[in-house]
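Trainee: Sharing a structure, written as C-alpha cells. Questions coming.
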Amino acid sequence: MKTIYHIVVKEFIQFRRDRRMMMLSFVAPVLQLIILGYAATTDVKDIPMAVYNQDKSATSREYIRGFATSGYFIIEHEVQSLAEIDPLIEHGRVWMALVIPPDFSDNLLARRPASVQIIADGSDANSAGISLSYASQITAKYSRDIVAETFERTPQAMRPAMVNAETRVWYNPDLKSRNFMVPGVLAMVLMIITMTLTSLGVVKEKEIGTLEQLLVTPIKPYQLIIGKLLPFAIIGVVDVILVLVVTRWWFGVPLRGSVLLLFGMSGLFLLTTLGLGLFISTVSKTQQQAMMTAQFLFFMPFIYLSGFTFPIENMPQGIQYLTFGIPLRYYIVIIRGLFLEGVGVAELWLQGAALIAFGGAILTMAVMRFKKRMG
Amino acid sequence: MNIKRIRPVVIKEFRQIRRDKRSLGVLLVFPALLVLLIGYALNFDVKHISLAVFNQDMSPTSREFVRSFSNSEYFDFTYTVERYEEISALLDQEKALVAAVIPPDFSSDLLAGRNATVQVLIDGSNSNTATTAIGYINAVVQTYSGNVATTALARYGKEPYVPVSLQPRVWYNPELLSAKFLVPGLIGFILMLSAVVSTSLSVVREKERGTMDQMMVSRLQTAEIILGKTISYLFIALVASVLVLLIGYVFFDIAIRGSFFWLYVAILIFLIAALGQGLLISTVAQTQQVAFIISVFTTLLPSLILSGFIFPIRSMPWALQLLSNLSPPKFFLIALRDIILKGVGPSAFWDQLVYLSIFAAVTLGISSVRLLRKAE
C-alpha cells in the first residue's frame, strides 16, 4: 500500500512540475466542451435562398411570404432570370432557389393545380434534405389553406374530414440539438484526455528508460500499475466533475436522472479509457507510435462509430456489430439517457455491464502484457 | 537558403520515418482504410423508424391508417400496445422512436365527416432524426387525408386537386447521398490530423532529445531545417490523399467533377497551412506530451465539429462562426466540395485558397521567428 502511495506521490510531483501539462489536463477539456458544445448543432435555420418570381401577383407574393416568415429561410436574392440562379448556387451564395411559373396565380384562381420548382444545392446532403422538408411543409400548409378556403363556402355536410397529426415531442420538446450534442461532446472530450494522458505517461517513461529503473526496484508489477494508473484516474475524476458541471450549469442541459448513477457510470467509463491507454502504451515503443495508434486506431473510429452524430441504426449490419466493441458507444447512450430522458438502472444496466466487461477485459490484457515485459 | 542543404535534412527525415514502420503505415494506409470504413458507416438518412401503435379504435379504417405508415419505407411497425403506459416504457428504452395513439372514435368521426386527431409521440433526444421523422409523419398523414378527401369529394361528383405542388430538383447530389458530402469532409479531416500531429511531433521529439540543438549549431539555417522537415511529411500526406481519393472513386463512386490541377493546388495549400499549424505547436510545446495534447485538441474535434464538415456553420452562434475561421479545414472543405461535387472553377473558391495561404503564411512566419529567436 505504502509503495503505491509513494509512486502516486512521485507522479503528482512530476505532474505539478509540468505546469503546462497541468493546465492542459484541466483547462483543455472544459474549454473544448464550451466551444464545441455551441458549434455542434444540426439545427438548420436562416437558409439563404433565391426567388425567381415570374408571376408578380399578390397570390405568389403571399406564398413567398410563407417562406420568409417561417424562420427557416432568408430570401437573399430576388432574381430576374433562370440564368442568374446558377452562379448563386455554384458559389454557395444560396442553398435553395424557388422558381414560380408565370401562370401561378392564374392557375390557382381557375382552380387548376400549379407547380413550383425548387432547386437545392445537394453538396451538403443533410442540410439540403432538411431544407427541402421545410419547403414542402410550407407548401403543403399553403395548399391546405387554399382547400380550406374553398370548402368554407360549401355546406357542412359536404366538407371532407381530415386527419390531423398532433405531434408531441418528448425529452427535448424544442428539438434543440444542443441538448443532444453537448453530452456527446462531453463523452468524447473525456475519452480523449484520459486515454492520451495514460498512454503517453507510461510510454514516456519507457522511452526515456525510467521504467527500466523502476523495474529493478523491489516494486511489484501490480503496485507499479496501480501507482501509475491511480493519478490518471484521479485527474479523470476531476475532469468528469468539471465537464458535468459545465454541461449542467453552463449549457443548462437538464439532468433528469440520478447524479449518483451518473458518477458511477462515468467511473466505469474511465475504467475503459484508462485500460485502453495502458494497453496502447504496452504495444508502443515511442510516444509518437502511441499517439498515432491512439489517434487513428482508436479516436477516429470511436468518434465516428459511437453514434455521436451518425445513428448506429443506419450503419450496415457488419459495422453495427463492430460498434459493440466501442466503449464510447455505451457511455453516450448512458449519458444521453441520464441527462435527457432521466432513465434509471433498469434501462442502463446492460450498458453498464458492457462497460465493466470491456474495462475488465482491456485492463487484464494490458496488465498481462505489461507484466510479460517486466518478467 | 540553399536547396542543396535541404536535401540531406529531407533524406534524414525520411530515413527516420522509414525506421518507424508502424507510424509510416498509419500515416499512409490508415487514412484510406478509415475513409472506407467510415464512408460506409456514416449515414444521415433516416429510415426504419421504429413505430409503436396504440390503436383504441379496432376498425378496418384505423387499421388501414396504420398500414399507410408501415407501407412507407421509413417506418417499421414494431409494437402494438394495449395501454398508454406501455408507450412511455417503449420510448424510455429507445425501443420505439415514434408512437401513434389512435382515439376510440377515429373511424366513427371520419365516417361522420368530422376531423379526427391522431396523437403522435416522438423521442426528440436526437433532434436531427426527430425533425426528419416529423416530416415523414406529416407526409403520411397528409396523403391519407388526401385520399379520404378524394373519396368524399368523389361522392359529390367534385374533382379534388392539390393546389400547389413542389417539384424539387437537387443539384450535385440528386439522391442526397450522405457519403457524397461526407467523404470530401473526411479527406480534410484526416489530412489535417496526420499533417499537424506528425510535424508537431517530429520537431518536438528532436527538441526533447536535444538533437534540435545539434542541428541549430550546424551550418543549416532555420528555414532550411523547417523546409526539410515539412517536405517529407508533405510528401507522405500527398500520397495518402491520392489513396483516399482513389477509395472515394472506387467504392463510393465519387468522381472529381472539377479539375485535378485545382484539386491538387487546394490540397497543397491546405497541407502547408496544416503543417504551419503543426510547426507553431511545436515551437510552443517542450514535450511531445504537450505537443500531442495541443494538436489533438486543436485538430481532432475542431475539424469534425467546427469546420462545417457535419454541422452547418451558418447555424452556429456568431462568436463561433468567427472562431471557425481559425480552422483551416473550413476553407479547404468549401474548396474541396466545390471541386469534387460541384465541378466549378476557381472563380467560386479562390477566396478560400487566399484565406488558407494567409493562414499558412502567418503560422509559418510566427514559427520561423520563434525558432530563430531560440537559435540565437
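Lettering and numbering for the C-alpha cells are positional, with chains as A, B, ... in the shown order, residues counted from 1 in each chain, and ligands counted from 1 in the shown order.
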Residues within 9 Å of B:Thr299, please, as a count of residues only. Count only C-alpha atoms; anything in the same chain fewer than 3 positions from it doesn't count.
Mentor: 12
Trainee: Name the residues of stretch 19-229 of chain B that come out as strand (DSSP E) in a backbone DSSP run; write them as a PyMOL selection string.
Mentor: chain B and resi 49-55+75-80+98-102+116-123+164-171
Trainee: Do a neighbour search on A:Pro301 at 8 Å with only C-alpha atoms, toss out local chain neighbours closer than 5 positions, and write the hits as a list of chain:residue names.
Mentor: A:Phe296, A:Ser306, B:Leu34, B:Ile38
Trainee: How about saving the chosen residues, N, CA and C atoms kept, as an mmCIF file, in the first residue's frame?
Mentor:
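Everything below was put into out-v5.cif:
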data_model
loop_
_atom_site.group_PDB
_atom_site.id
_atom_site.type_symbol
_atom_site.label_atom_id
_atom_site.label_comp_id
_atom_site.auth_asym_id
_atom_site.auth_seq_id
_atom_site.Cartn_x
_atom_site.Cartn_y
_atom_site.Cartn_z
ATOM 1 N N PHE A 296 -5.407 7.215 -34.741
ATOM 2 C CA PHE A 296 -6.029 6.621 -35.922
ATOM 3 C C PHE A 296 -6.760 5.321 -35.608
ATOM 4 N N SER A 306 -19.526 5.779 -32.778
ATOM 5 C CA SER A 306 -20.124 5.700 -31.442
ATOM 6 C C SER A 306 -21.586 6.117 -31.431
ATOM 7 N N LEU B 34 -9.705 4.230 -43.159
ATOM 8 C CA LEU B 34 -10.732 4.909 -42.374
ATOM 9 C C LEU B 34 -11.834 5.454 -43.265
ATOM 10 N N ILE B 38 -15.515 4.420 -42.535
ATOM 11 C CA ILE B 38 -16.426 5.478 -42.105
ATOM 12 C C ILE B 38 -17.389 5.850 -43.217
#
Trainee: Which residues are close to A:Ile35, i.e. within 10 Å by only C-alpha atoms, leaving aside same-chain residues fewer than 6 positions away? Reply as a VMD selection string.
Mentor: chain B and resid 302 305 to 306 319 to 320 323
Trainee: Name the residues in contact with stretch 251-258 of chain B at a cut-off of 10 Å, using only C-alpha atoms, excluding same-chain residues fewer than 4 positions from it; report them as a list in words.
Mentor: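 Close residues of stretch 251-258 of chain B: Val35, Leu36, Gly39, Tyr40, Tyr172, Leu177, Ala179, Lys180, Phe181, Val183, Pro184, Leu245, Leu246, Ile247, Trp262, Leu263, Leu336, Arg337, Asp338, Ile339, Ile340, Leu341, Lys342, Gly343, Val344, Gly345 and Pro346 of chain B.
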Trainee: Give me the residues near A:Leu24 as a PDB file with C-alpha atoms, in the first residue's frame, where near means some atom within 8 Å (using only C-alpha atoms) and where sequence neighbours in that chain fewer than 5 positions away do not count.
Mentor:
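Once everything was written out, this is out05.pdb:
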ATOM      1  CA  PRO A  29     -11.432  19.667 -21.810  1.00  0.00           C
TER       2      PRO A  29
ATOM      3  CA  VAL B 290       2.111  18.698 -24.515  1.00  0.00           C
ATOM      4  CA  ILE B 293      -2.468  17.197 -26.470  1.00  0.00           C
ATOM      5  CA  ILE B 294      -2.472  20.635 -28.079  1.00  0.00           C
TER       6      ILE B 294
END
Trainee: Give me the residues within 12 Å of A:Gly236 as a ChimeraX atom specification, counting only C-alpha atoms and dropping any in the same chain fewer than 5 places off.
Mentor: /A:25-26,29,187,189-198,229-231,241-243,263,266-274
Trainee: Quick one: of A:Ala357, A:Ala97, A:Val216, A:Leu278, who's nearest to A:Ala233, counting only C-alpha atoms?
Mentor: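 Among the listed residues, A:Leu278 lies closest to A:Ala233.
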Trainee: Tell me which of B:Gln277, B:Ser62, B:Thr298, B:Asn173 sits closest to B:Ala361, counting only C-alpha atoms.
Mentor: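 For B:Ala361, the nearest of the given residues is B:Gln277.
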Trainee: Looking at only C-alpha atoms, which of B:Gly185, B:Pro104, B:Gly248, B:Pro312 is the one that sits closest to chain A?
Mentor: B:Pro312
